[in-house]
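Visitor: Below is structure24.txt; it holds compact mmCIF, C-alpha atoms.
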# COMPACT_ATOMS: atom_id res chain seq x y z
CA MET C 1 70.92 118.95 103.74
CA ASP C 2 69.19 118.04 100.48
CA ASP C 3 71.47 115.03 100.25
CA PRO C 4 69.22 111.98 100.79
CA LEU C 5 72.18 110.17 102.36
CA VAL C 6 71.96 112.53 105.36
CA TRP C 7 68.37 111.45 106.04
CA VAL C 8 69.15 107.78 105.52
CA ARG C 9 72.11 108.03 107.91
CA GLY C 10 69.97 109.83 110.51
CA VAL C 11 67.26 107.16 110.40
CA HIS C 12 69.85 104.39 110.50
CA PHE C 13 71.63 105.84 113.56
CA ALA C 14 68.36 106.44 115.41
CA ALA C 15 66.98 102.98 114.56
CA THR C 16 70.18 101.07 115.39
CA LEU C 17 70.79 102.97 118.62
CA THR C 18 67.18 102.34 119.65
CA VAL C 19 67.57 98.60 119.04
CA GLY C 20 70.83 98.56 121.01
CA GLY C 21 69.32 100.80 123.69
CA VAL C 22 66.21 98.67 124.22
CA VAL C 23 68.32 95.50 124.53
CA ILE C 24 70.73 97.12 127.00
CA PHE C 25 67.79 98.60 128.92
CA VAL C 26 65.95 95.29 129.22
CA ALA C 27 69.12 93.44 130.25
CA PHE C 28 70.62 95.85 132.77
CA ILE C 29 67.72 98.06 133.89
CA GLY C 30 64.28 96.68 133.07
CA ASP C 31 64.58 93.08 134.25
CA PRO C 32 66.23 93.94 137.60
CA ALA C 33 63.58 96.63 138.19
CA PHE C 34 60.67 94.36 137.26
CA ARG C 35 61.87 91.72 139.71
CA LYS C 36 60.99 94.17 142.48
CA ALA C 37 57.38 94.46 141.35
CA ASP C 38 54.58 92.67 143.24
CA ALA C 39 53.86 89.14 142.04
CA GLY C 40 50.63 90.00 140.21
CA ALA C 41 51.64 93.47 138.99
CA ARG C 42 50.71 94.32 135.41
CA LEU C 43 53.44 96.96 134.90
CA PRO C 44 56.30 94.61 133.83
CA GLY C 45 54.17 92.91 131.17
CA ILE C 46 52.92 96.22 129.76
CA VAL C 47 56.43 97.70 129.54
CA ARG C 48 57.96 94.52 128.08
CA ARG C 49 55.34 94.38 125.31
CA ARG C 50 55.87 98.05 124.41
CA LEU C 51 59.65 97.63 124.39
CA ALA C 52 59.35 94.55 122.18
CA PHE C 53 57.21 96.58 119.76
CA ILE C 54 59.79 99.42 119.70
CA ALA C 55 62.68 96.97 119.20
CA TRP C 56 60.95 95.21 116.26
CA ILE C 57 60.14 98.55 114.56
CA GLY C 58 63.72 99.67 115.22
CA LEU C 59 65.17 96.52 113.69
CA ALA C 60 62.93 96.83 110.61
CA LEU C 61 63.98 100.48 110.16
CA THR C 62 67.64 99.49 110.68
CA LEU C 63 67.38 97.00 107.80
CA ALA C 64 65.46 99.35 105.50
CA SER C 65 67.72 102.36 106.08
CA GLY C 66 70.79 100.11 105.87
CA ALA C 67 69.68 98.92 102.43
CA ALA C 68 69.05 102.52 101.31
CA TRP C 69 72.49 103.54 102.61
CA LEU C 70 74.14 100.73 100.65
CA ILE C 71 72.40 101.79 97.43
CA LEU C 72 73.18 105.51 97.86
CA GLY C 73 76.72 104.64 98.92
CA ALA C 74 77.22 102.46 95.85
CA GLN C 75 75.98 105.31 93.68
CA SER C 76 78.40 107.88 95.07
CA MET C 77 81.33 105.45 95.19
CA SER C 78 80.92 104.41 91.57
CA ASP C 79 79.91 107.88 90.37
CA GLN C 80 77.08 106.34 88.34
CA THR C 81 73.35 106.85 88.05
CA LEU C 82 70.98 104.99 90.32
CA ALA C 83 69.75 102.89 87.38
CA ASP C 84 73.32 101.79 86.56
CA VAL C 85 73.95 100.85 90.18
CA PHE C 86 71.32 98.13 89.78
CA SER C 87 71.91 97.11 86.16
CA GLN C 88 75.72 97.18 86.02
CA GLY C 89 76.34 95.00 89.04
CA VAL C 90 77.81 97.93 90.97
CA LEU C 91 75.82 97.00 94.05
CA TRP C 92 77.41 93.58 94.18
CA THR C 93 80.90 94.98 93.59
CA VAL C 94 80.41 97.39 96.47
CA ALA C 95 78.98 94.69 98.75
CA SER C 96 81.70 92.14 98.03
CA ASP C 97 84.71 94.28 97.18
CA THR C 98 84.79 97.25 99.55
CA HIS C 99 85.33 97.54 103.30
CA PHE C 100 81.99 99.33 103.59
CA GLY C 101 80.13 96.62 101.67
CA ARG C 102 81.65 93.74 103.60
CA ASP C 103 80.81 95.53 106.85
CA TRP C 104 77.24 95.91 105.62
CA LEU C 105 76.97 92.20 104.76
CA ALA C 106 78.27 91.33 108.23
CA ARG C 107 75.73 93.70 109.78
CA LEU C 108 72.94 92.15 107.69
CA VAL C 109 73.84 88.77 109.17
CA LEU C 110 73.92 90.30 112.69
CA ALA C 111 70.49 91.91 112.15
CA CYS C 112 68.95 88.63 110.96
CA PHE C 113 70.53 86.79 113.87
CA LEU C 114 69.12 89.42 116.25
CA ALA C 115 65.64 89.02 114.73
CA VAL C 116 65.75 85.30 115.52
CA LEU C 117 66.98 85.93 119.08
CA PHE C 118 64.33 88.61 119.67
CA VAL C 119 61.56 85.98 119.61
CA PRO C 120 62.62 84.27 122.87
CA PHE C 121 64.17 87.49 124.27
CA PHE C 122 60.85 89.35 124.29
CA TRP C 123 58.82 86.31 125.32
CA VAL C 124 56.64 87.87 128.00
CA LYS C 125 54.86 84.90 129.47
CA GLU C 126 57.63 82.41 130.20
CA GLU C 127 61.09 82.49 131.65
CA ARG C 128 63.66 82.65 128.88
CA PRO C 129 66.76 80.38 128.77
CA GLY C 130 69.78 81.89 130.52
CA TRP C 131 71.99 82.17 127.44
CA ILE C 132 69.52 84.36 125.50
CA MET C 133 70.28 87.56 127.43
CA PRO C 134 74.09 87.68 126.95
CA ALA C 135 73.72 86.54 123.33
CA VAL C 136 71.25 89.31 122.49
CA VAL C 137 73.38 91.93 124.25
CA VAL C 138 76.52 90.88 122.34
CA VAL C 139 74.79 90.76 118.94
CA ALA C 140 72.96 94.08 119.46
CA ALA C 141 76.16 95.78 120.65
CA SER C 142 77.99 94.40 117.59
CA LEU C 143 75.27 95.64 115.25
CA THR C 144 75.64 99.10 116.82
CA GLY C 145 79.43 99.21 117.04
CA THR C 146 80.02 98.03 113.49
CA ILE C 147 78.49 101.27 112.15
CA ALA C 148 82.00 102.62 112.76
CA TRP C 149 83.27 100.83 109.63
CA ALA C 150 81.03 103.05 107.53
CA GLY C 151 82.44 106.27 108.94
CA HIS C 152 85.41 108.59 108.89
CA ALA C 153 87.19 106.50 111.51
CA VAL C 154 87.93 103.61 109.20
CA GLY C 155 90.30 105.41 106.83
CA GLY C 156 93.23 105.97 109.16
CA LEU C 157 96.54 104.19 108.75
CA GLY C 158 98.63 102.39 111.34
CA LEU C 159 98.21 102.50 115.12
CA GLY C 160 96.42 105.86 115.06
CA GLY C 161 93.83 104.43 112.69
CA THR C 162 93.22 101.47 115.00
CA ILE C 163 92.85 103.69 118.08
CA HIS C 164 90.39 105.93 116.24
CA LEU C 165 88.33 102.94 115.07
CA VAL C 166 88.19 101.33 118.53
CA ALA C 167 87.20 104.68 120.03
CA ASP C 168 84.42 105.04 117.47
CA VAL C 169 83.06 101.53 118.16
CA LEU C 170 82.96 102.23 121.92
CA HIS C 171 81.45 105.68 121.26
CA LEU C 172 78.57 104.12 119.32
CA ILE C 173 77.85 101.44 121.95
CA ALA C 174 77.99 104.01 124.77
CA ALA C 175 75.63 106.26 122.78
CA ALA C 176 73.20 103.35 122.43
CA ALA C 177 73.41 102.64 126.16
CA TRP C 178 72.48 106.24 126.91
CA ILE C 179 70.53 107.88 124.07
CA GLY C 180 69.07 104.58 122.88
CA ALA C 181 67.97 103.58 126.37
CA LEU C 182 66.19 106.92 127.01
CA LEU C 183 63.11 105.86 125.05
CA PRO C 184 62.67 102.60 127.02
CA LEU C 185 63.14 104.61 130.25
CA ALA C 186 60.45 107.07 129.14
CA VAL C 187 58.13 104.14 128.33
CA THR C 188 58.76 102.67 131.79
CA LEU C 189 58.17 105.99 133.60
CA ALA C 190 55.02 106.69 131.57
CA ALA C 191 53.65 103.25 132.39
CA ALA C 192 54.57 103.68 136.07
CA ARG C 193 52.63 106.96 136.19
CA ARG C 194 49.49 105.43 134.72
CA THR C 195 49.47 101.90 136.05
CA ASP C 196 46.64 100.71 138.26
CA ASP C 197 49.08 98.52 140.20
CA ARG C 198 49.67 99.36 143.83
CA LYS C 199 51.46 102.68 144.17
CA THR C 200 54.43 101.05 145.91
CA THR C 201 55.05 98.76 142.92
CA ALA C 202 55.00 101.64 140.45
CA ALA C 203 57.29 103.73 142.67
CA THR C 204 59.69 100.85 143.32
CA VAL C 205 59.98 99.91 139.66
CA ALA C 206 60.42 103.56 138.61
CA ALA C 207 63.00 104.24 141.34
CA THR C 208 65.01 101.09 140.58
CA ALA C 209 64.92 101.69 136.82
CA THR C 210 65.96 105.34 137.22
CA ALA C 211 68.76 104.49 139.65
CA ARG C 212 70.17 101.77 137.42
CA PHE C 213 69.79 103.90 134.30
CA SER C 214 71.60 106.72 136.05
CA THR C 215 74.52 104.47 137.01
CA LEU C 216 74.75 103.12 133.46
CA GLY C 217 74.50 106.75 132.29
CA VAL C 218 77.58 107.78 134.29
CA VAL C 219 79.59 104.97 132.65
CA SER C 220 78.23 105.90 129.21
CA VAL C 221 78.95 109.63 129.63
CA GLY C 222 82.50 108.85 130.77
CA THR C 223 83.03 106.59 127.75
CA LEU C 224 81.49 109.16 125.39
CA LEU C 225 83.78 111.90 126.78
CA VAL C 226 86.99 109.91 126.33
CA THR C 227 86.13 108.38 122.95
CA GLY C 228 84.58 111.63 121.68
CA SER C 229 87.78 113.50 122.56
CA ILE C 230 89.85 110.91 120.69
CA ASN C 231 87.61 111.21 117.62
CA THR C 232 87.74 115.00 117.79
CA TRP C 233 91.50 114.89 117.95
CA TYR C 234 91.75 112.71 114.87
CA LEU C 235 89.14 114.50 112.77
CA ALA C 236 89.50 118.14 113.78
CA GLY C 237 92.87 118.20 115.48
CA SER C 238 93.19 121.92 116.18
CA ILE C 239 91.28 124.92 117.54
CA PRO C 240 91.01 126.62 114.11
CA ALA C 241 89.61 123.39 112.68
CA LEU C 242 86.85 123.57 115.32
CA THR C 243 86.11 127.28 115.11
CA GLY C 244 86.74 127.93 111.44
CA THR C 245 85.04 125.09 109.57
CA ASP C 246 81.47 123.85 109.11
CA TYR C 247 82.53 120.51 110.52
CA GLY C 248 83.94 122.18 113.62
CA HIS C 249 80.82 124.30 114.17
CA LEU C 250 78.55 121.26 113.93
CA LEU C 251 80.83 119.38 116.30
CA LEU C 252 80.75 122.24 118.84
CA LEU C 253 76.94 122.32 118.60
CA LYS C 254 76.89 118.58 119.20
CA ILE C 255 79.13 118.96 122.26
CA ALA C 256 76.86 121.76 123.59
CA LEU C 257 73.78 119.52 123.24
CA PHE C 258 75.69 116.71 124.92
CA LEU C 259 76.55 118.98 127.87
CA GLY C 260 72.88 120.03 128.09
CA MET C 261 71.89 116.36 128.31
CA VAL C 262 74.51 115.76 131.00
CA ALA C 263 73.09 118.73 132.98
CA ILE C 264 69.54 117.31 132.80
CA ALA C 265 70.88 113.88 133.76
CA ALA C 266 72.62 115.43 136.78
CA VAL C 267 69.34 117.05 137.92
CA ASN C 268 67.59 113.70 137.53
CA ARG C 269 70.22 111.87 139.53
CA LEU C 270 70.93 114.38 142.27
CA ILE C 271 67.53 116.02 142.85
CA LEU C 272 64.64 113.98 141.45
CA MET C 273 65.87 110.44 142.05
CA PRO C 274 66.05 110.77 145.88
CA ARG C 275 62.40 111.99 145.86
CA LEU C 276 61.23 108.70 144.34
CA ASP C 277 61.96 107.08 147.69
CA VAL C 278 59.07 104.74 148.47
CA GLY C 279 58.95 105.99 152.06
CA GLY C 280 58.11 109.55 150.94
CA SER C 281 54.65 110.98 150.51
CA ALA C 282 52.59 109.85 147.53
CA ASN C 283 52.41 113.42 146.25
CA THR C 284 56.18 113.94 146.31
CA THR C 285 56.71 110.67 144.49
CA ARG C 286 54.07 111.44 141.87
CA GLU C 287 55.47 114.92 141.22
CA ALA C 288 59.06 113.63 141.03
CA LEU C 289 57.94 110.94 138.59
CA ARG C 290 56.21 113.56 136.43
CA GLN C 291 59.30 115.78 136.32
CA LEU C 292 61.58 112.81 135.62
CA HIS C 293 59.36 111.73 132.75
CA ARG C 294 59.38 115.25 131.30
CA ASN C 295 63.18 115.53 131.66
CA VAL C 296 63.71 112.20 129.93
CA LEU C 297 61.54 113.38 127.02
CA LEU C 298 63.68 116.56 126.87
CA GLU C 299 66.82 114.41 126.80
CA ILE C 300 65.32 112.34 123.97
CA ALA C 301 64.76 115.54 121.97
CA ALA C 302 68.36 116.64 122.59
CA GLY C 303 69.65 113.14 121.79
CA GLY C 304 67.69 113.12 118.54
CA SER C 305 69.29 116.45 117.61
CA VAL C 306 72.71 114.98 118.35
CA LEU C 307 71.98 112.09 115.97
CA ALA C 308 70.80 114.52 113.28
CA ILE C 309 74.11 116.40 113.59
CA VAL C 310 76.05 113.13 113.38
CA ALA C 311 74.15 112.30 110.19
CA VAL C 312 75.36 115.57 108.64
CA LEU C 313 78.91 115.28 110.04
CA GLY C 314 79.47 112.00 108.21
CA VAL C 315 79.04 113.68 104.82
CA THR C 316 80.96 116.83 105.82
CA PRO C 317 84.72 117.01 105.27
CA PRO C 318 86.33 116.93 108.73
CA GLY C 319 87.86 120.18 109.99
CA GLY C 320 91.35 118.73 109.88
CA ASP C 321 90.96 118.16 106.14
CA GLU C 322 89.69 121.62 105.34
CA GLN C 323 92.44 123.23 107.37
CA ALA C 324 95.13 121.11 105.80
CA MET C 325 93.91 121.05 102.22
CA PRO C 326 91.73 124.10 101.62
CA HIS C 327 91.87 123.66 97.86
CA ALA C 328 91.43 119.92 97.66
CA HIS C 329 88.50 118.76 95.65
CA HIS C 330 85.87 116.98 97.73
CA GLU C 331 82.97 115.00 96.58
CA THR C 332 81.32 114.93 99.91
CA HIS C 333 79.58 111.64 99.60
CA MET K 1 83.14 119.23 137.00
CA ARG K 2 82.33 117.17 133.91
CA THR K 3 82.13 120.36 131.88
CA ARG K 4 85.54 121.44 133.07
CA LEU K 5 86.93 118.01 132.35
CA LEU K 6 85.55 118.10 128.81
CA VAL K 7 86.92 121.56 128.07
CA LEU K 8 90.26 120.54 129.51
CA SER K 9 90.48 117.34 127.49
CA LEU K 10 89.35 119.12 124.35
CA LEU K 11 92.02 121.77 124.82
CA LEU K 12 94.67 119.16 125.51
CA PHE K 13 93.85 117.24 122.39
CA ALA K 14 93.46 120.36 120.32
CA MET K 15 96.79 121.82 121.35
CA SER K 16 98.73 118.68 120.60
CA GLY K 17 97.92 119.64 117.04
CA ALA K 18 98.40 116.30 115.37
CA ALA K 19 95.77 115.89 112.70
CA ALA K 20 95.07 112.77 110.78
CA TYR K 21 92.85 113.34 107.80
CA ALA K 22 89.65 111.73 106.80
CA HIS K 23 89.37 111.34 103.02
CA ALA K 24 92.28 110.09 100.99
CA PHE K 25 94.59 112.90 99.91
CA LEU K 26 97.69 112.63 97.81
CA ASP K 27 100.61 112.34 100.18
CA ARG K 28 103.57 111.72 97.85
CA ALA K 29 103.95 111.23 94.13
CA SER K 30 106.69 109.89 91.90
CA PRO K 31 107.52 111.76 89.71
CA LEU K 32 107.08 114.60 92.19
CA VAL K 33 104.13 116.94 91.70
CA GLY K 34 105.12 119.72 89.29
CA SER K 35 108.64 118.39 88.89
CA THR K 36 110.88 118.14 85.83
CA VAL K 37 112.60 114.82 85.33
CA ALA K 38 115.51 114.29 82.91
CA THR K 39 114.76 110.68 82.02
CA ALA K 40 111.30 109.42 81.15
CA PRO K 41 109.76 107.54 84.14
CA ARG K 42 108.49 104.00 83.55
CA GLU K 43 105.63 104.38 86.00
CA VAL K 44 103.70 106.82 88.17
CA THR K 45 103.37 106.01 91.86
CA LEU K 46 100.93 107.80 94.12
CA SER K 47 100.78 107.46 97.91
CA PHE K 48 97.68 108.57 99.76
CA THR K 49 96.86 109.48 103.35
CA GLN K 50 94.36 106.64 103.66
CA SER K 51 93.77 103.12 102.45
CA LEU K 52 92.00 102.92 99.10
CA GLU K 53 89.26 100.77 97.61
CA PRO K 54 90.87 99.24 94.48
CA SER K 55 87.51 98.67 92.77
CA PHE K 56 86.63 102.33 92.65
CA SER K 57 89.98 104.13 92.52
CA SER K 58 91.76 105.02 89.31
CA VAL K 59 94.61 106.99 87.76
CA GLU K 60 95.06 108.35 84.23
CA VAL K 61 98.13 109.90 82.66
CA THR K 62 97.76 112.04 79.52
CA ASP K 63 100.12 114.02 77.35
CA ALA K 64 99.68 117.65 76.34
CA LYS K 65 97.17 116.65 73.63
CA GLY K 66 95.09 114.67 76.10
CA VAL K 67 96.14 111.25 74.72
CA ARG K 68 96.41 108.50 77.34
CA VAL K 69 100.02 107.44 77.92
CA ASP K 70 99.49 105.06 80.84
CA GLN K 71 99.43 101.37 80.00
CA GLY K 72 98.25 98.30 81.77
CA LYS K 73 95.96 98.11 84.72
CA ALA K 74 96.70 100.36 87.66
CA GLN K 75 97.92 98.38 90.67
CA ILE K 76 96.27 99.54 93.84
CA SER K 77 97.15 98.11 97.21
CA GLY K 78 96.84 99.65 100.62
CA SER K 79 97.25 103.38 100.24
CA THR K 80 99.35 103.23 97.05
CA MET K 81 98.41 103.45 93.37
CA ARG K 82 100.87 102.51 90.63
CA VAL K 83 100.44 102.59 86.86
CA GLY K 84 102.92 101.79 84.06
CA LEU K 85 103.74 104.33 81.35
CA LYS K 86 104.46 104.08 77.65
CA ALA K 87 107.85 105.40 76.48
CA LEU K 88 107.46 109.13 77.07
CA SER K 89 109.01 111.73 74.80
CA PRO K 90 110.01 115.11 76.28
CA GLY K 91 106.96 117.21 77.18
CA THR K 92 104.41 117.93 79.85
CA TYR K 93 102.18 115.18 81.22
CA LYS K 94 99.13 115.33 83.39
CA VAL K 95 98.19 112.81 86.08
CA HIS K 96 94.55 112.64 87.09
CA TRP K 97 93.57 110.48 90.04
CA ARG K 98 90.35 109.48 91.65
CA ALA K 99 90.59 107.88 95.08
CA LEU K 100 87.84 106.14 97.00
CA SER K 101 88.93 105.91 100.61
CA VAL K 102 87.84 102.91 102.67
CA ASP K 103 85.76 105.46 104.63
CA THR K 104 83.51 105.65 101.50
CA HIS K 105 84.50 109.20 100.57
CA THR K 106 85.79 110.09 97.13
CA THR K 107 88.47 112.65 96.37
CA GLN K 108 90.10 113.49 93.08
CA GLY K 109 92.87 115.71 91.85
CA SER K 110 95.45 116.18 89.17
CA PHE K 111 99.00 117.42 88.74
CA SER K 112 101.57 117.77 86.00
CA PHE K 113 105.16 116.71 85.58
CA HIS K 114 107.58 117.52 82.84
CA VAL K 115 109.96 115.22 80.99
CA GLY K 116 113.07 116.83 79.47
CA SER K 117 115.99 119.06 80.32
CA GLN K 118 115.63 121.66 83.07
Here is the file; what I need is its structure written in the form of structure tokens.
Guide:
Amino acid sequence: MDDPLVWVRGVHFAATLTVGGVVIFVAFIGDPAFRKADAGARLPGIVRRRLAFIAWIGLALTLASGAAWLILGAQSMSDQTLADVFSQGVLWTVASDTHFGRDWLARLVLACFLAVLFVPFFWVKEERPGWIMPAVVVVAASLTGTIAWAGHAVGGLGLGGTIHLVADVLHLIAAAAWIGALLPLAVTLAAARRTDDRKTTAATVAATATARFSTLGVVSVGTLLVTGSINTWYLAGSIPALTGTDYGHLLLLKIALFLGMVAIAAVNRLILMPRLDVGGSANTTREALRQLHRNVLLEIAAGGSVLAIVAVLGVTPPGGDEQAMPHAHHETH
Amino acid sequence: MRTRLLVLSLLLFAMSGAAAYAHAFLDRASPLVGSTVATAPREVTLSFTQSLEPSFSSVEVTDAKGVRVDQGKAQISGSTMRVGLKALSPGTYKVHWRALSVDTHTTQGSFSFHVGSQ
């Protein structure tokens, strides 16, 4: 835990998934929901501005933590001091000569590209050109998915290695679509609770956003289950590897948190969402909105814990390794 | 339902028991790890379980006194490392390797082989 790389990884995952999540939220949930608001409603503008703010902060943190990861990675790869990493040209060797470094350069380009696209994407006042939306979604999803090249999945050989890598890319994008989009959903629900727009607008926007988020959530959870199982198979591979190693214990904890999030999501979808019905009483709607908002904040806390575990897992020898090679010498960086 | 599905899929995957390894481990070596070879080998070849980063992977071969007996630059491509050897006289030699996997994790290890009669 005292390894700074763990913290850098944690920040990088959270920041990148937030960027990906906000983009996916705006494209598939926010915009369709805002279209149902009254013509003069203030809610869409308020939410869009807050989401833009979150996305810009997220992108800045993605770049900063990415740079820190590259420096720490170069240090552990070269086995040299931090001073030598800068003075001996190690940083450039890593960036130009390793898979990790080339992936990082590609992601730097993607992040800069995204920054340029964000300007028209988050333009609140005017209609944006039609091509902006798909372009931003593709670039943001790429920025998220390409984290996989910095992880355990990239080392495999042959067909198995390819399957593992593809699964990891999809896992990351699905995680962004769910965990990353929770914060934008919370922002939308909070704004809907406090807006001075007509109650029907707030309820309609909240109900539409929640319904669409929930549908996207089912797809994401399904993808996370399948791809997570594939990753588990490749990295742990056996029951003893799950129950008898640190890696396995962390992974089981992560799965437990995931199941907790799925349980909360099920309550949201099956019990609270129907109560947001605009035809219901104002009190029922307000109370359902309050509980939904609280549940989403709970899910964010659980999702954050999942990301913290992932940050540690990446610097922990996978269970399959420890089972197979108990005496092998690891430098777990 | 989802819970049951997850447990089921986890069990299925777990029981199939095939494990690929993260981190590059030594898979095969020539000369074999701990082996005795009658004729002096001209090179040491190491195969790993993962692809390596040539810039940060290395191999050293030393004799019993710790003097380097490898010569030339190690050739590293894919998951294989290869280094030429000087003419070896009978004796015990130690191979020390350091492997940076493309997944950014470093492993290292060493083994001996013996040149001479059984």
Visitor: Within 9 Å of segment 214-229 of chain C, counting only C-alpha atoms, which residues show up once you throw out same-chain ones fewer than 4 positions away? Write them as a PDB file with C-alpha atoms, in the frame of the given file, please.
Guide:
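The resulting file, selection_22.pdb, is reproduced below:
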ATOM      1  CA  PHE C  28      70.620  95.850 132.770  1.00  0.00           C
ATOM      2  CA  ILE C  29      67.720  98.060 133.890  1.00  0.00           C
ATOM      3  CA  HIS C 164      90.390 105.930 116.240  1.00  0.00           C
ATOM      4  CA  VAL C 166      88.190 101.330 118.530  1.00  0.00           C
ATOM      5  CA  ALA C 167      87.200 104.680 120.030  1.00  0.00           C
ATOM      6  CA  ASP C 168      84.420 105.040 117.470  1.00  0.00           C
ATOM      7  CA  VAL C 169      83.060 101.530 118.160  1.00  0.00           C
ATOM      8  CA  LEU C 170      82.960 102.230 121.920  1.00  0.00           C
ATOM      9  CA  HIS C 171      81.450 105.680 121.260  1.00  0.00           C
ATOM     10  CA  LEU C 172      78.570 104.120 119.320  1.00  0.00           C
ATOM     11  CA  ILE C 173      77.850 101.440 121.950  1.00  0.00           C
ATOM     12  CA  ALA C 174      77.990 104.010 124.770  1.00  0.00           C
ATOM     13  CA  ALA C 175      75.630 106.260 122.780  1.00  0.00           C
ATOM     14  CA  ALA C 176      73.200 103.350 122.430  1.00  0.00           C
ATOM     15  CA  ALA C 177      73.410 102.640 126.160  1.00  0.00           C
ATOM     16  CA  TRP C 178      72.480 106.240 126.910  1.00  0.00           C
ATOM     17  CA  ALA C 209      64.920 101.690 136.820  1.00  0.00           C
ATOM     18  CA  THR C 210      65.960 105.340 137.220  1.00  0.00           C
ATOM     19  CA  TRP C 233      91.500 114.890 117.950  1.00  0.00           C
ATOM     20  CA  TYR C 234      91.750 112.710 114.870  1.00  0.00           C
ATOM     21  CA  VAL C 262      74.510 115.760 131.000  1.00  0.00           C
ATOM     22  CA  ALA C 265      70.880 113.880 133.760  1.00  0.00           C
ATOM     23  CA  ALA C 266      72.620 115.430 136.780  1.00  0.00           C
ATOM     24  CA  ASN C 268      67.590 113.700 137.530  1.00  0.00           C
ATOM     25  CA  ARG C 269      70.220 111.870 139.530  1.00  0.00           C
TER      26      ARG C 269
ATOM     27  CA  ARG K   2      82.330 117.170 133.910  1.00  0.00           C
ATOM     28  CA  LEU K   5      86.930 118.010 132.350  1.00  0.00           C
ATOM     29  CA  LEU K   6      85.550 118.100 128.810  1.00  0.00           C
ATOM     30  CA  SER K   9      90.480 117.340 127.490  1.00  0.00           C
ATOM     31  CA  LEU K  10      89.350 119.120 124.350  1.00  0.00           C
ATOM     32  CA  PHE K  13      93.850 117.240 122.390  1.00  0.00           C
TER      33      PHE K  13
END
Visitor: Pick from K:Ser51, K:Thr62, K:Ser30, K:Ser57: nearest to chain C, with all atoms listed in the file counted?
Guide: K:Ser51
Visitor: Skip Thr80 of chain K itself and residues of its chain fewer than 6 positions away, then list as a PyMOL selection string all residues within 9 Å of it, counting all atoms listed in the file.
Guide: chain K and resi 45-48+50-52
Visitor: Compile the contact shell of His114 of chain K as an mmCIF file with C-alpha atoms, keeping the file's coordinate frame: residues with an atom at most 12 Å away, counting only C-alpha atoms, same-chain residues fewer than 4 positions apart removed.
Guide:
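Result went into part.cif, see below:
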data_model
loop_
_atom_site.group_PDB
_atom_site.id
_atom_site.type_symbol
_atom_site.label_atom_id
_atom_site.label_comp_id
_atom_site.auth_asym_id
_atom_site.auth_seq_id
_atom_site.Cartn_x
_atom_site.Cartn_y
_atom_site.Cartn_z
ATOM 1 C CA SER K 30 106.690 109.890 91.900
ATOM 2 C CA PRO K 31 107.520 111.760 89.710
ATOM 3 C CA LEU K 32 107.080 114.600 92.190
ATOM 4 C CA VAL K 33 104.130 116.940 91.700
ATOM 5 C CA GLY K 34 105.120 119.720 89.290
ATOM 6 C CA SER K 35 108.640 118.390 88.890
ATOM 7 C CA THR K 36 110.880 118.140 85.830
ATOM 8 C CA VAL K 37 112.600 114.820 85.330
ATOM 9 C CA ALA K 38 115.510 114.290 82.910
ATOM 10 C CA THR K 39 114.760 110.680 82.020
ATOM 11 C CA ALA K 40 111.300 109.420 81.150
ATOM 12 C CA PRO K 41 109.760 107.540 84.140
ATOM 13 C CA THR K 62 97.760 112.040 79.520
ATOM 14 C CA ASP K 63 100.120 114.020 77.350
ATOM 15 C CA ALA K 64 99.680 117.650 76.340
ATOM 16 C CA LEU K 88 107.460 109.130 77.070
ATOM 17 C CA SER K 89 109.010 111.730 74.800
ATOM 18 C CA PRO K 90 110.010 115.110 76.280
ATOM 19 C CA GLY K 91 106.960 117.210 77.180
ATOM 20 C CA THR K 92 104.410 117.930 79.850
ATOM 21 C CA TYR K 93 102.180 115.180 81.220
ATOM 22 C CA LYS K 94 99.130 115.330 83.390
ATOM 23 C CA VAL K 95 98.190 112.810 86.080
ATOM 24 C CA GLN K 118 115.630 121.660 83.070
#
Visitor: Neighbouring residues of Leu307 of chain C were defined as those with any atom within 7 Å, considering all atoms listed in the file; residues of the same chain fewer than 6 positions away were excluded. Please report them as a list of chain:residue names.
Guide: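 My reading of the contact set: C:Gly10, C:Phe13, C:Ala14.
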Visitor: Could you tell me how far atom CA of Leu85 of chain K lies from atom CA of Asp79 of chain C, in Å and to one decimal?
Guide: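 That distance, rounded to one decimal, is 25.7 Å.
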Visitor: I want to know what sits within 12 Å of Gln71 of chain K, based on all atoms listed in the file, with residues of the same chain fewer than 3 positions away left out; could you give that as a list in words?
Guide: Arg42, Glu43, Val44, Val59, Glu60, Val61, Thr62, Val67, Arg68, Ala74, Gln75, Arg82, Val83, Gly84, Leu85, Lys86, Ala87 and Leu88 of chain K
Visitor: Counting all atoms listed in the file, which of C:Asn231, C:Gln80, C:Asn295, C:Ser87 gets nearest to Gly160 of chain C?
Guide: C:Asn231
Visitor: Which residue, K:Ser77, K:Thr107, K:Ser112, K:Ser117, has the smallest gap to chain C when you use all atoms listed in the file?
Guide: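 Smallest distance to chain C is found for K:Thr107.
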Visitor: Using all atoms listed in the file, which of the listed residues (C:Gly161, C:Gly40, C:Gly180, C:Pro274) sits closest to chain K?
Guide: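 Smallest separation from chain K among the options: C:Gly161.
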Visitor: Kindly indicate which residue among C:Leu165, C:Leu17, C:Val22, C:Leu51 lies nearest to chain K, using all atoms listed in the file for the distances.
Guide: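 Smallest separation from chain K among the options: C:Leu165.
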Visitor: Interatomic distance between atom CA of Ala37 of chain C and atom CA of Leu189 of chain C?
Guide: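 Going from atom CA of Ala37 of chain C over to atom CA of Leu189 of chain C, I get 13.9 Å.
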